[in-house]
Amino acid sequence: MEFDFVNYIVFPLMIFFIRIADVSLGTIRIVFVSRDLRTFSAVLGFLEVLIWLFAITQIMKDINNPVQYVAYAAGFGMGNYLGITIERKLSMGNRIIQIFTKNYALELIKALREKGFGVTCIDGEGVEGSVKLIFSVVKRSKVEEVIAIARKFNPKAFFTVEEVKHVSDGGTRFVNNDRSFSIMSKFNRRR
């Protein structure tokens with residue numbers, strides 16, 4: 001009895017890699033759907049299902065081969081991992097960064113503005129007294145840069161980063177073509 005190399009090595013590896021592609025596309029498609037990118041979502045959905053059909057067809061040809069089931073499941077897991085990794089690399093969308101600081105707030109605000117980031121500052125009251133709340137809406141790819149600047153001026157500053165689904169361009173200003181936003185600029189001009 002000879003080992004069936006094709007059915008126990010080649011086809012399972014093929015299913016594994018096909019499933020990675022299928023699930024990665026699905027993960028990215030979901031991100032595009034959440035960002036209302038309909039055309040991209042439709043194209044990725046088409047490719048995702050086409051690839052999935054090819055993988056499932058291979059399994060159905062030899063339904064009694066457990067190695068193919070393992071390859072299918074492993075491809076699914078790896079596809080999720082790779083899809084999320086790709087989505088992070090794409091750095092799509094905007095984020096709002098909220099920085100709460102007591103120390104060096106004016107220097108931090110000045111440094112952020114010099115780097116072209118739109119900044120809104122509000123006085124607040126924390127557990128230990130007065131604080132400045134600094135808000136900036138930036139491209140996702142710029143988040144680490146803003147955090148690095150904030151930590152330079154106050155390593156103990158508290159900050160949060162949240163996803164922004166939609167940013168209105170009515171009344172906001174764009175700085176250095178970086179599309180960094182000052183969320184309160186519309187209101188600040190009215191004072």
# chains A, B, ... in the order shown; residues from 1 in each chain; ligands from 1

$ select_by_dssp --residues "stretch 11-191 of chain A" --states "helix (DSSP H, G or I)" --output "number ranges by chain"
A: 11-34, 38-61, 66-90, 105-114, 140-153, 185-188

$ residues_around --residues "A:Ser24" --least-positions-apart "3" --cutoff "6 Å" --atoms "only C-alpha atoms" --output "list in words"
Ile20, Ala21, Thr27, Gly79, Asn80, Leu82 and Gly83 of chain A

$ write_last_selection --atoms "C-alpha atoms" --output "PDB file, in the first residue's frame"
ATOM      1  CA  ILE A  20      -6.666  31.668   4.182  1.00  0.00           C
ATOM      2  CA  ALA A  21      -7.397  33.771   1.093  1.00  0.00           C
ATOM      3  CA  THR A  27     -12.456  39.984   7.127  1.00  0.00           C
ATOM      4  CA  GLY A  79      -7.294  33.612   7.496  1.00  0.00           C
ATOM      5  CA  ASN A  80      -8.783  35.547  10.413  1.00  0.00           C
ATOM      6  CA  LEU A  82      -4.048  37.447   8.297  1.00  0.00           C
ATOM      7  CA  GLY A  83      -7.215  39.436   7.524  1.00  0.00           C
TER       8      GLY A  83
END

$ residues_around --residues "A:Ser41" --least-positions-apart "5" --cutoff "12 Å" --atoms "only C-alpha atoms" --output "ChimeraX atom specification"
/A:25-36,46-48

$ select_by_dssp --residues "stretch 26-125 of chain A" --states "strand (DSSP E)" --output "ChimeraX atom specification"
/A:94-101,120-125

$ closest_residue --among "A:Leu44, A:Thr57, A:Ala105, A:Lys142" --to "A:Met92" --atoms "only C-alpha atoms"
A:Lys142

$ closest_residue --among "A:Asp22, A:Ile134, A:Gly75, A:Asp62" --to "A:Val6" --atoms "only C-alpha atoms"
A:Asp62

$ closest_residue --among "A:Phe135, A:Lys89, A:Val146, A:Met14" --to "A:Gly116" --atoms "only C-alpha atoms"
A:Val146

$ closest_residue --among "A:Val67, A:Gln58, A:Leu53, A:Ser141" --to "A:Tyr8" --atoms "only C-alpha atoms"
A:Val67

$ atom_distance --atom1 "atom CA of A:Met78" --atom2 "atom CA of A:Phe5"
23.3 Å

$ residues_around --residues "A:Lys132" --least-positions-apart "2" --cutoff "8 Å" --atoms "only C-alpha atoms" --output "JSON, numbers by chain"
{"A": [99, 100, 101, 102, 105, 121, 122, 123, 124, 130, 134]}

$ residues_around --residues "stretch 15-19 of chain A" --least-positions-apart "4" --cutoff "8 Å" --atoms "only C-alpha atoms" --output "list in words"
Phe11, Val23, Ile51, Trp52, Ala55, Gln58, Ile59, Gln68, Ala71, Tyr72, Ala73, Ala74, Gly75, Phe76 and Gly79 of chain A

$ atom_distance --atom1 "atom CA of A:Asn154" --atom2 "atom CA of A:Gly93"
26.7 Å

$ closest_residue --among "A:Met1, A:Ile109, A:Ile56, A:Val167" --to "A:Leu133" --atoms "only C-alpha atoms"
A:Ile109
